[in-house]
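**Student:** Hey, dropping data.cif in here, mmCIF, C-alpha atoms and all ligand atoms:
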```cif
data_my_file
#
loop_
_atom_site.label_atom_id
_atom_site.label_comp_id
_atom_site.auth_asym_id
_atom_site.auth_seq_id
_atom_site.Cartn_x
_atom_site.Cartn_y
_atom_site.Cartn_z
CA MET A 757 23.48 -7.49 -23.67
CA PRO A 758 23.28 -9.05 -20.14
CA GLN A 759 22.30 -12.72 -19.89
CA THR A 760 21.02 -12.72 -16.30
CA CYS A 761 19.35 -9.98 -14.26
CA VAL A 762 18.09 -10.00 -10.67
CA ALA A 763 15.67 -7.37 -9.40
CA SER A 764 14.04 -6.94 -6.02
CA ALA A 765 11.14 -4.77 -4.91
CA PRO A 766 9.53 -4.08 -1.52
CA GLY A 767 6.08 -4.94 -0.25
CA LYS A 768 3.89 -2.20 1.15
CA VAL A 769 1.60 -1.25 3.95
CA ILE A 770 -1.18 1.28 3.58
CA LEU A 771 -0.72 3.64 6.51
CA LEU A 772 -3.87 5.70 5.95
CA GLY A 773 -6.86 5.90 3.64
CA GLU A 774 -7.36 2.37 2.25
CA HIS A 775 -10.84 1.72 0.87
CA TRP A 776 -11.65 5.45 1.06
CA VAL A 777 -9.16 5.99 -1.79
CA VAL A 778 -11.43 3.98 -4.04
CA SER A 779 -14.09 6.68 -3.46
CA GLY A 780 -11.73 9.61 -3.97
CA SER A 781 -9.88 10.36 -0.72
CA TYR A 782 -6.10 10.51 -0.38
CA GLY A 783 -4.27 7.34 0.64
CA LEU A 784 -0.81 7.08 2.19
CA ALA A 785 1.35 3.97 1.81
CA ALA A 786 4.90 2.99 2.74
CA SER A 787 7.37 0.41 1.51
CA ILE A 788 8.42 -2.30 3.96
CA SER A 789 11.69 -4.18 4.35
CA LEU A 790 10.20 -7.48 3.10
CA ARG A 791 11.10 -7.91 -0.56
CA ALA A 792 10.27 -10.04 -3.59
CA SER A 793 13.15 -10.95 -5.94
CA VAL A 794 12.99 -12.16 -9.51
CA GLU A 795 15.92 -13.57 -11.46
CA CYS A 796 15.54 -13.73 -15.24
CA GLU A 797 17.85 -15.23 -17.82
CA LYS A 798 17.62 -15.70 -21.56
CA ILE A 799 17.18 -19.31 -22.65
CA SER A 800 17.01 -20.86 -26.08
CA CYS A 801 13.53 -21.60 -27.33
CA ASN A 802 11.96 -20.27 -30.48
CA LYS A 803 8.90 -18.69 -28.87
CA PRO A 804 8.35 -15.32 -27.14
CA GLU A 805 7.80 -17.16 -23.86
CA VAL A 806 8.36 -16.39 -20.20
CA HIS A 807 8.92 -19.54 -18.13
CA VAL A 808 8.10 -18.64 -14.54
CA GLU A 809 8.81 -20.69 -11.41
CA SER A 810 7.40 -19.57 -8.08
CA VAL A 811 5.69 -20.96 -4.98
CA LEU A 812 2.45 -20.52 -6.96
CA GLY A 813 3.68 -23.11 -9.48
CA SER A 814 5.50 -23.17 -12.83
CA THR A 815 4.10 -21.96 -16.09
CA ALA A 816 5.15 -20.99 -19.61
CA ILE A 817 3.49 -17.77 -20.78
CA ASN A 818 3.48 -16.88 -24.47
CA VAL A 819 3.67 -13.07 -24.51
CA LYS A 820 1.92 -12.97 -27.90
CA GLU A 821 -0.92 -15.35 -26.90
CA LEU A 822 -1.95 -14.11 -23.48
CA GLU A 823 -5.62 -14.88 -24.03
CA GLU A 824 -4.64 -18.58 -23.78
CA CYS A 825 -2.96 -18.11 -20.39
CA ARG A 826 -4.72 -19.29 -17.21
CA GLY A 827 -3.58 -18.93 -13.59
CA PRO A 828 -2.17 -16.43 -11.12
CA LEU A 829 1.16 -15.94 -12.91
CA CYS A 830 -0.36 -14.79 -16.23
CA GLY A 831 -0.27 -11.16 -15.06
CA LEU A 832 3.48 -11.24 -15.58
CA GLY A 833 2.84 -11.92 -19.27
CA TYR A 834 0.83 -8.68 -19.46
CA ALA A 835 3.74 -6.78 -17.90
CA ALA A 836 6.10 -8.37 -20.46
CA ARG A 837 3.75 -7.46 -23.33
CA TYR A 838 3.51 -3.85 -22.05
CA LEU A 839 7.31 -3.59 -22.00
CA ALA A 840 7.72 -5.15 -25.45
CA LYS A 841 5.23 -2.65 -26.92
CA ALA A 842 6.51 0.41 -25.04
CA LEU A 843 10.14 -0.31 -25.95
CA SER A 844 9.45 -1.73 -29.43
CA ILE A 845 11.45 -4.86 -28.64
CA GLU A 846 10.95 -8.39 -29.91
CA PRO A 847 10.32 -10.50 -26.76
CA SER A 848 13.00 -13.17 -26.22
CA CYS A 849 12.50 -16.53 -24.55
CA VAL A 850 13.20 -15.93 -20.87
CA GLN A 851 13.29 -18.10 -17.75
CA CYS A 852 12.42 -16.36 -14.45
CA ARG A 853 12.50 -17.53 -10.83
CA VAL A 854 10.52 -15.75 -8.13
CA PHE A 855 11.59 -15.68 -4.45
CA SER A 856 9.60 -13.68 -1.94
CA GLN A 857 9.74 -12.78 1.76
CA ILE A 858 6.28 -11.19 1.50
CA PRO A 859 3.40 -13.41 2.67
CA VAL A 860 0.77 -13.93 -0.05
CA GLY A 861 -2.81 -12.74 0.57
CA ALA A 862 -1.81 -10.74 3.65
CA GLY A 863 -2.52 -7.26 2.24
CA LEU A 864 1.20 -6.49 1.88
CA GLY A 865 1.36 -5.97 -1.88
CA SER A 866 3.14 -9.26 -2.68
CA SER A 867 1.73 -9.53 -6.21
CA ALA A 868 2.75 -5.93 -7.03
CA ALA A 869 6.27 -6.42 -5.63
CA VAL A 870 6.68 -9.55 -7.77
CA ALA A 871 5.29 -7.73 -10.83
CA VAL A 872 7.69 -4.80 -10.32
CA ALA A 873 10.75 -7.01 -9.72
CA PHE A 874 9.78 -9.16 -12.71
CA SER A 875 9.32 -6.12 -14.99
CA ALA A 876 12.74 -4.71 -14.04
CA ALA A 877 14.53 -8.07 -14.51
CA TYR A 878 12.67 -8.84 -17.77
CA ALA A 879 13.48 -5.40 -19.20
CA GLY A 880 17.06 -5.87 -17.94
CA VAL A 881 17.69 -9.06 -19.95
CA HIS A 882 16.45 -7.15 -23.02
CA GLY A 883 19.20 -4.57 -22.39
CA ILE A 884 17.00 -1.90 -20.76
CA GLU A 885 18.33 -0.02 -17.73
CA LEU A 886 16.17 0.61 -14.68
CA ASP A 887 13.44 3.17 -15.49
CA ARG A 888 11.06 3.38 -12.51
CA ASP A 889 8.22 5.11 -14.41
CA LEU A 890 8.22 2.46 -17.12
CA ILE A 891 8.52 -0.45 -14.67
CA ASN A 892 5.65 0.99 -12.61
CA LYS A 893 3.36 1.12 -15.68
CA ALA A 894 4.30 -2.41 -16.79
CA ALA A 895 3.63 -3.77 -13.29
CA TYR A 896 0.24 -2.04 -13.26
CA ALA A 897 -0.69 -4.06 -16.37
CA ALA A 898 0.02 -7.22 -14.31
CA GLU A 899 -1.95 -5.87 -11.35
CA GLU A 900 -4.96 -5.16 -13.57
CA TYR A 901 -4.96 -8.80 -14.59
CA ASN A 902 -4.73 -9.88 -10.92
CA HIS A 903 -7.15 -7.45 -9.25
CA GLY A 904 -9.50 -5.82 -11.77
CA HIS A 905 -8.93 -2.06 -11.49
CA PRO A 906 -6.67 -1.48 -8.48
CA SER A 907 -5.69 2.03 -7.40
CA GLY A 908 -2.07 1.51 -8.48
CA ILE A 909 -0.73 2.35 -5.03
CA ASP A 910 0.93 -1.08 -4.49
CA ASN A 911 2.99 -1.10 -7.68
CA THR A 912 3.97 2.56 -7.16
CA VAL A 913 5.34 1.87 -3.66
CA ALA A 914 7.19 -1.20 -4.94
CA SER A 915 8.70 0.87 -7.79
CA TYR A 916 9.70 4.05 -5.91
CA GLY A 917 9.95 2.89 -2.28
CA GLY A 918 9.65 5.41 0.57
CA PHE A 919 6.22 6.90 1.26
CA VAL A 920 3.62 7.45 -1.44
CA LEU A 921 0.56 9.70 -1.44
CA TYR A 922 -2.24 8.68 -3.77
CA LYS A 923 -5.51 10.16 -4.97
CA ARG A 924 -7.73 8.89 -7.76
CA GLY A 925 -7.59 11.28 -10.70
CA LEU A 926 -4.45 12.99 -9.37
CA GLY A 927 -2.43 9.78 -9.40
CA VAL A 928 0.43 8.75 -7.17
CA LYS A 929 3.13 10.95 -5.74
CA PRO A 930 6.21 9.60 -3.96
CA LEU A 931 6.89 11.90 -0.96
CA GLU A 932 10.17 13.76 -0.72
CA SER A 933 10.76 13.05 2.97
CA ARG A 934 13.08 10.10 3.48
CA VAL A 935 12.06 9.04 6.98
CA GLU A 936 12.54 5.38 7.89
CA LEU A 937 10.78 3.96 10.94
CA ASP A 938 10.40 0.72 12.86
CA ALA A 939 7.07 -1.10 12.82
CA LEU A 940 5.49 -4.49 13.28
CA VAL A 941 3.45 -6.12 10.56
CA ILE A 942 1.16 -8.73 12.06
CA ASN A 943 -0.37 -11.27 9.73
CA THR A 944 -3.58 -12.78 11.12
CA ARG A 945 -3.17 -15.60 8.55
CA ILE A 946 -6.84 -15.11 7.65
CA GLN A 947 -6.95 -15.22 3.84
CA ARG A 948 -9.28 -12.72 2.23
CA SER A 949 -10.16 -11.39 -1.20
CA THR A 950 -9.41 -7.72 -1.88
CA ARG A 951 -12.19 -7.66 -4.45
CA LYS A 952 -14.81 -8.89 -1.94
CA ALA A 953 -13.61 -6.51 0.79
CA VAL A 954 -13.82 -3.54 -1.60
CA GLU A 955 -17.35 -4.54 -2.66
CA TYR A 956 -18.49 -4.92 0.97
CA PHE A 957 -17.03 -1.55 1.98
CA GLN A 958 -18.68 0.15 -1.02
CA ARG A 959 -22.01 -1.47 -0.21
CA ASN A 960 -21.82 -0.20 3.37
CA LEU A 961 -20.75 3.25 2.23
CA SER A 962 -23.81 3.45 -0.01
CA LEU A 963 -25.97 3.03 3.13
CA LEU A 964 -24.53 6.31 4.45
CA GLU A 965 -26.13 8.51 1.81
CA GLY A 966 -26.15 12.09 3.17
CA VAL A 967 -22.87 11.86 5.12
CA ARG A 968 -20.85 9.89 2.57
CA ASP A 969 -19.05 12.93 1.14
CA GLU A 970 -18.34 14.33 4.60
CA LEU A 971 -16.75 11.03 5.64
CA ILE A 972 -14.58 10.89 2.53
CA GLY A 973 -13.63 14.56 3.15
CA LEU A 974 -12.72 13.76 6.76
CA VAL A 975 -10.46 10.88 5.73
CA ASP A 976 -8.92 13.15 3.09
CA ARG A 977 -7.98 15.69 5.79
CA LEU A 978 -6.75 12.97 8.18
CA VAL A 979 -4.41 11.60 5.52
CA LEU A 980 -2.97 15.05 4.72
CA LYS A 981 -2.55 15.79 8.43
CA GLY A 982 -0.79 12.43 8.75
CA VAL A 983 1.64 13.36 5.97
CA GLU A 984 2.45 16.63 7.76
CA LEU A 985 3.01 14.83 11.10
CA LEU A 986 5.16 12.15 9.51
CA GLY A 987 7.34 14.86 7.93
CA LYS A 988 7.86 16.29 11.45
CA LYS A 989 8.45 12.77 12.86
CA ASP A 990 5.63 13.40 15.32
CA LEU A 991 4.80 9.72 15.64
CA GLU A 992 2.57 10.04 18.68
CA ARG A 993 0.09 12.29 16.86
CA PHE A 994 0.47 10.29 13.64
CA GLY A 995 -0.33 7.13 15.61
CA ARG A 996 -3.53 8.66 16.97
CA ILE A 997 -4.70 9.17 13.38
CA MET A 998 -3.94 5.48 12.74
CA PHE A 999 -6.11 4.39 15.70
CA LEU A 1000 -8.92 6.64 14.52
CA SER A 1001 -8.63 5.30 10.95
CA HIS A 1002 -8.90 1.75 12.23
CA GLY A 1003 -12.10 2.68 14.07
CA LEU A 1004 -13.60 4.08 10.88
CA LEU A 1005 -12.64 1.00 8.84
CA SER A 1006 -14.01 -1.26 11.55
CA GLY A 1007 -17.28 0.68 11.49
CA MET A 1008 -17.41 0.12 7.74
CA GLY A 1009 -17.28 -3.65 8.29
CA VAL A 1010 -13.82 -4.50 6.94
CA SER A 1011 -12.19 -5.43 10.24
CA VAL A 1012 -12.42 -8.83 11.98
CA PRO A 1013 -12.14 -9.60 15.74
CA GLU A 1014 -8.48 -10.67 15.30
CA LEU A 1015 -7.52 -7.28 13.80
CA ASP A 1016 -9.49 -5.41 16.49
CA TRP A 1017 -7.69 -7.48 19.14
CA ILE A 1018 -4.27 -6.50 17.74
CA VAL A 1019 -5.21 -2.82 17.69
CA HIS A 1020 -6.53 -2.92 21.29
CA THR A 1021 -3.45 -4.83 22.48
CA ALA A 1022 -1.15 -2.28 20.81
CA SER A 1023 -3.07 0.58 22.43
CA ALA A 1024 -3.03 -1.07 25.87
CA HIS A 1025 0.76 -1.49 25.71
CA GLY A 1026 1.51 2.08 24.72
CA ALA A 1027 2.13 1.76 20.96
CA TYR A 1028 1.88 5.10 19.10
CA GLY A 1029 -0.62 3.70 16.62
CA ALA A 1030 -2.09 0.56 15.06
CA LYS A 1031 -4.64 -0.32 12.41
CA LEU A 1032 -5.57 -2.88 9.83
CA THR A 1033 -3.65 -2.37 6.62
CA GLY A 1034 -4.84 -3.08 3.08
CA ALA A 1035 -8.18 -4.60 2.29
CA GLY A 1036 -8.95 -5.95 5.80
CA MET A 1037 -11.40 -8.81 6.53
CA GLY A 1038 -8.25 -10.69 7.59
CA GLY A 1039 -4.80 -9.99 6.23
CA SER A 1040 -2.53 -7.82 8.34
CA ALA A 1041 -2.29 -5.04 10.91
CA ILE A 1042 0.48 -2.45 11.25
CA VAL A 1043 1.76 -1.17 14.59
CA ILE A 1044 4.18 1.71 15.24
CA GLY A 1045 5.71 2.53 18.60
CA ASN A 1046 8.92 2.78 20.58
CA ARG A 1047 11.14 -0.31 20.90
CA GLU A 1048 9.73 -1.32 24.29
CA ALA A 1049 6.07 -1.13 23.23
CA LEU A 1050 6.78 -2.99 19.98
CA SER A 1051 8.53 -5.84 21.77
CA ILE A 1052 5.60 -6.34 24.17
CA VAL A 1053 3.06 -6.24 21.34
CA GLU A 1054 5.19 -8.70 19.36
CA ARG A 1055 5.28 -11.15 22.28
CA GLU A 1056 1.50 -10.91 22.87
CA CYS A 1057 0.71 -11.42 19.19
CA MET A 1058 3.02 -14.43 18.90
CA LYS A 1059 1.30 -16.01 21.92
CA LYS A 1060 -1.96 -15.70 19.95
CA GLY A 1061 -0.42 -17.54 16.99
CA PHE A 1062 -0.14 -14.57 14.62
CA GLU A 1063 2.84 -14.20 12.32
CA VAL A 1064 4.87 -11.13 13.32
CA TYR A 1065 7.40 -9.29 11.12
CA GLN A 1066 9.72 -6.58 12.46
CA VAL A 1067 10.03 -4.19 9.54
CA ARG A 1068 11.47 -0.82 8.52
CA LEU A 1069 9.03 1.47 6.74
CA GLY A 1070 10.13 3.75 3.90
CA VAL A 1071 12.90 1.57 2.41
CA GLU A 1072 14.29 1.78 -1.15
CA GLY A 1073 12.14 0.79 -4.14
CA VAL A 1074 13.03 -1.55 -7.00
CA LYS A 1075 16.72 -2.44 -7.44
CA LEU A 1076 18.29 -4.14 -10.47
CA GLU A 1077 21.60 -5.94 -11.05
CA CYS A 1078 22.61 -7.56 -14.34
CA ARG A 1079 25.63 -9.58 -15.37
C1 LIG B 1101 -5.87 -2.78 -1.03
O1 LIG B 1101 -4.48 -2.98 -0.74
C2 LIG B 1101 -6.22 -1.35 -0.85
C3 LIG B 1101 -7.66 -0.97 -1.18
O2 LIG B 1101 -7.80 0.41 -0.89
C4 LIG B 1101 -7.98 -1.22 -2.65
C5 LIG B 1101 -7.20 -0.32 -3.62
O3 LIG B 1101 -6.72 0.75 -3.25
O4 LIG B 1101 -7.11 -0.73 -4.81
C6 LIG B 1101 -8.64 -1.73 -0.32
#
```
Can you turn what I pasted into structure tokens?
Ligand code: MEV

**Tutor:**
Amino acid sequence: MPQTCVASAPGKVILLGEHWVVSGSYGLAASISLRASVECEKISCNKPEVHVESVLGSTAINVKELEECRGPLCGLGYAARYLAKALSIEPSCVQCRVFSQIPVGAGLGSSAAVAVAFSAAYAGVHGIELDRDLINKAAYAAEEYNHGHPSGIDNTVASYGGFVLYKRGLGVKPLESRVELDALVINTRIQRSTRKAVEYFQRNLSLLEGVRDELIGLVDRLVLKGVELLGKKDLERFGRIMFLSHGLLSGMGVSVPELDWIVHTASAHGAYGAKLTGAGMGGSAIVIGNREALSIVERECMKKGFEVYQVRLGVEGVKLECR
């Protein structure tokens, strides 16, 4: 049985369909080359505890007494409990350290990436090899604790990597095509709550009684068209769908002037596409384009004081190494 395991998992961007997915449209997301890593090792203590250290603090979580747990790291205890039940294992006492390149609260799936990496490393120290389906389900248990009832798109991207198509009721489907592309992720540094953004979008959608279903249907078709264009690497047409999607999200009230500025700047400098990504109301924007356009947009955004990440989209999902 290994003593120490290290797992890493990617963050994500939603390329198309965020918010609308909550009401039944397709959503398309991609992994990004910013990763969260978790190292777990067995330690001697007589309780079924997970001792977690991260930038969010340190805590000891008793996997059998989760109701007592308070704080942002408790979700990991739910993932551990899911694994213990699913695999019929007696949870050992484990120490885990979290390191992450993914900014927190920026709409880039940092909590899901941590939950996925944690689940793989935790299962690893209990002698379980990497099983993406199982890890994905365990991480969803952590995400439910963190976000209520999320769509599951973040943990699926972190588990499988690449590009993922999602629809409520149909579930999540990793896409076959293994394209990787360059992009910029631009963090406005405006902290926002996913829960509040979802509520505000839903409230505004309810004002559109009579055209609501048509709008959801339109986004549904735009996402599927986007998948087709991505498969053909037709980034110019794909980018146009991104610009249009941003306009729709902005009209639904989940953009902010900073995100609109980024999208206009990207458009003015010839990027293929740009939009807010994730919940909006702050958080991040995603820009795709050729090298020249991306470098101008990067410079302009840095002048404004935004945090800019050069990323690859579509990278590998969770990875595990044990010794
Ligand atoms: C948040 O990353 C994406 C939303 O569509 C919510 C969800 O899908 O759970 C806003």

**Student:** List all protein, DNA and RNA residues that have any atom at most 8 Å from ligand LIG 1101 (chain B), counting all atoms listed in the file, and write the list as JSON, numbers by chain.

**Tutor:** {"A": [769, 770, 773, 774, 775, 776, 777, 778, 783, 863, 864, 865, 905, 906, 907, 908, 909, 910, 950, 951, 953, 954, 1033, 1034, 1035, 1036]}

**Student:** Pull the neighbourhood of (-1.6, -4.1, 22.2) for me: all residues within 10 Å in file coordinates, counting all atoms listed in the file, as a short mmCIF file (atom, residue, chain, number, x, y, z; two decimals) with C-alpha atoms, in the frame of the given file.

**Tutor:**
```
data_model
loop_
_atom_site.label_atom_id
_atom_site.label_comp_id
_atom_site.auth_asym_id
_atom_site.auth_seq_id
_atom_site.Cartn_x
_atom_site.Cartn_y
_atom_site.Cartn_z
CA ASP A 1016 -9.49 -5.41 16.49
CA TRP A 1017 -7.69 -7.48 19.14
CA ILE A 1018 -4.27 -6.50 17.74
CA VAL A 1019 -5.21 -2.82 17.69
CA HIS A 1020 -6.53 -2.92 21.29
CA THR A 1021 -3.45 -4.83 22.48
CA ALA A 1022 -1.15 -2.28 20.81
CA SER A 1023 -3.07 0.58 22.43
CA ALA A 1024 -3.03 -1.07 25.87
CA HIS A 1025 0.76 -1.49 25.71
CA GLY A 1026 1.51 2.08 24.72
CA ALA A 1027 2.13 1.76 20.96
CA GLY A 1029 -0.62 3.70 16.62
CA ALA A 1030 -2.09 0.56 15.06
CA VAL A 1043 1.76 -1.17 14.59
CA ALA A 1049 6.07 -1.13 23.23
CA LEU A 1050 6.78 -2.99 19.98
CA ILE A 1052 5.60 -6.34 24.17
CA VAL A 1053 3.06 -6.24 21.34
CA GLU A 1054 5.19 -8.70 19.36
CA ARG A 1055 5.28 -11.15 22.28
CA GLU A 1056 1.50 -10.91 22.87
CA CYS A 1057 0.71 -11.42 19.19
#
```

**Student:** Could you tell me which of A:Ala842, A:Gly813, A:Ile858, A:Val794 comes closest to Lys893 in chain A if we count only C-alpha atoms?

**Tutor:** A:Ala842

**Student:** Please reconstruct the missing atoms of range 871-896 of chain A (target: N, CA and C atoms) and return them as a PDB file, keeping the file's coordinate frame.

**Tutor:**
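That gives us part.pdb:
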```pdb
ATOM      1  N   ALA A 871       5.476  -8.289  -9.481  1.00  0.00           N
ATOM      2  CA  ALA A 871       5.290  -7.730 -10.830  1.00  0.00           C
ATOM      3  C   ALA A 871       6.355  -6.659 -11.119  1.00  0.00           C
ATOM      4  N   VAL A 872       6.674  -5.857 -10.119  1.00  0.00           N
ATOM      5  CA  VAL A 872       7.690  -4.800 -10.320  1.00  0.00           C
ATOM      6  C   VAL A 872       9.070  -5.420 -10.497  1.00  0.00           C
ATOM      7  N   ALA A 873       9.424  -6.383  -9.618  1.00  0.00           N
ATOM      8  CA  ALA A 873      10.750  -7.010  -9.720  1.00  0.00           C
ATOM      9  C   ALA A 873      10.858  -7.761 -11.058  1.00  0.00           C
ATOM     10  N   PHE A 874       9.777  -8.444 -11.434  1.00  0.00           N
ATOM     11  CA  PHE A 874       9.780  -9.160 -12.710  1.00  0.00           C
ATOM     12  C   PHE A 874      10.000  -8.183 -13.877  1.00  0.00           C
ATOM     13  N   SER A 875       9.240  -7.074 -13.871  1.00  0.00           N
ATOM     14  CA  SER A 875       9.320  -6.120 -14.990  1.00  0.00           C
ATOM     15  C   SER A 875      10.744  -5.572 -15.131  1.00  0.00           C
ATOM     16  N   ALA A 876      11.381  -5.267 -13.984  1.00  0.00           N
ATOM     17  CA  ALA A 876      12.740  -4.710 -14.040  1.00  0.00           C
ATOM     18  C   ALA A 876      13.725  -5.766 -14.571  1.00  0.00           C
ATOM     19  N   ALA A 877      13.591  -7.021 -14.083  1.00  0.00           N
ATOM     20  CA  ALA A 877      14.530  -8.070 -14.510  1.00  0.00           C
ATOM     21  C   ALA A 877      14.289  -8.449 -15.984  1.00  0.00           C
ATOM     22  N   TYR A 878      13.018  -8.488 -16.378  1.00  0.00           N
ATOM     23  CA  TYR A 878      12.670  -8.840 -17.770  1.00  0.00           C
ATOM     24  C   TYR A 878      13.193  -7.760 -18.724  1.00  0.00           C
ATOM     25  N   ALA A 879      12.957  -6.488 -18.365  1.00  0.00           N
ATOM     26  CA  ALA A 879      13.480  -5.400 -19.200  1.00  0.00           C
ATOM     27  C   ALA A 879      15.010  -5.470 -19.214  1.00  0.00           C
ATOM     28  N   GLY A 880      15.597  -5.791 -18.054  1.00  0.00           N
ATOM     29  CA  GLY A 880      17.060  -5.870 -17.940  1.00  0.00           C
ATOM     30  C   GLY A 880      17.676  -6.859 -18.915  1.00  0.00           C
ATOM     31  N   VAL A 881      17.089  -8.067 -19.026  1.00  0.00           N
ATOM     32  CA  VAL A 881      17.690  -9.060 -19.950  1.00  0.00           C
ATOM     33  C   VAL A 881      17.476  -8.669 -21.426  1.00  0.00           C
ATOM     34  N   HIS A 882      16.599  -7.674 -21.652  1.00  0.00           N
ATOM     35  CA  HIS A 882      16.450  -7.150 -23.020  1.00  0.00           C
ATOM     36  C   HIS A 882      17.327  -5.899 -23.203  1.00  0.00           C
ATOM     37  N   GLY A 883      18.234  -5.666 -22.246  1.00  0.00           N
ATOM     38  CA  GLY A 883      19.200  -4.570 -22.390  1.00  0.00           C
ATOM     39  C   GLY A 883      18.689  -3.211 -21.932  1.00  0.00           C
ATOM     40  N   ILE A 884      17.583  -3.184 -21.180  1.00  0.00           N
ATOM     41  CA  ILE A 884      17.000  -1.900 -20.760  1.00  0.00           C
ATOM     42  C   ILE A 884      17.383  -1.593 -19.322  1.00  0.00           C
ATOM     43  N   GLU A 885      17.940  -0.418 -19.090  1.00  0.00           N
ATOM     44  CA  GLU A 885      18.330  -0.020 -17.730  1.00  0.00           C
ATOM     45  C   GLU A 885      17.097   0.314 -16.896  1.00  0.00           C
ATOM     46  N   LEU A 886      17.300   0.380 -15.584  1.00  0.00           N
ATOM     47  CA  LEU A 886      16.170   0.610 -14.680  1.00  0.00           C
ATOM     48  C   LEU A 886      15.509   1.971 -14.933  1.00  0.00           C
ATOM     49  N   ASP A 887      14.217   1.943 -15.264  1.00  0.00           N
ATOM     50  CA  ASP A 887      13.440   3.170 -15.490  1.00  0.00           C
ATOM     51  C   ASP A 887      12.161   2.980 -14.652  1.00  0.00           C
ATOM     52  N   ARG A 888      12.139   3.648 -13.485  1.00  0.00           N
ATOM     53  CA  ARG A 888      11.060   3.380 -12.510  1.00  0.00           C
ATOM     54  C   ARG A 888       9.660   3.682 -13.074  1.00  0.00           C
ATOM     55  N   ASP A 889       9.549   4.757 -13.877  1.00  0.00           N
ATOM     56  CA  ASP A 889       8.220   5.110 -14.410  1.00  0.00           C
ATOM     57  C   ASP A 889       7.702   4.001 -15.329  1.00  0.00           C
ATOM     58  N   LEU A 890       8.601   3.514 -16.176  1.00  0.00           N
ATOM     59  CA  LEU A 890       8.220   2.460 -17.120  1.00  0.00           C
ATOM     60  C   LEU A 890       7.874   1.155 -16.391  1.00  0.00           C
ATOM     61  N   ILE A 891       8.720   0.801 -15.429  1.00  0.00           N
ATOM     62  CA  ILE A 891       8.520  -0.450 -14.670  1.00  0.00           C
ATOM     63  C   ILE A 891       7.183  -0.384 -13.919  1.00  0.00           C
ATOM     64  N   ASN A 892       6.894   0.801 -13.362  1.00  0.00           N
ATOM     65  CA  ASN A 892       5.650   0.990 -12.610  1.00  0.00           C
ATOM     66  C   ASN A 892       4.434   0.755 -13.519  1.00  0.00           C
ATOM     67  N   LYS A 893       4.501   1.280 -14.742  1.00  0.00           N
ATOM     68  CA  LYS A 893       3.360   1.120 -15.680  1.00  0.00           C
ATOM     69  C   LYS A 893       3.227  -0.339 -16.108  1.00  0.00           C
ATOM     70  N   ALA A 894       4.352  -0.994 -16.374  1.00  0.00           N
ATOM     71  CA  ALA A 894       4.300  -2.410 -16.790  1.00  0.00           C
ATOM     72  C   ALA A 894       3.699  -3.254 -15.670  1.00  0.00           C
ATOM     73  N   ALA A 895       4.135  -2.987 -14.421  1.00  0.00           N
ATOM     74  CA  ALA A 895       3.630  -3.770 -13.290  1.00  0.00           C
ATOM     75  C   ALA A 895       2.137  -3.520 -13.091  1.00  0.00           C
ATOM     76  N   TYR A 896       1.676  -2.315 -13.401  1.00  0.00           N
ATOM     77  CA  TYR A 896       0.240  -2.040 -13.260  1.00  0.00           C
ATOM     78  C   TYR A 896      -0.568  -2.930 -14.227  1.00  0.00           C
TER      79      TYR A 896
END
```
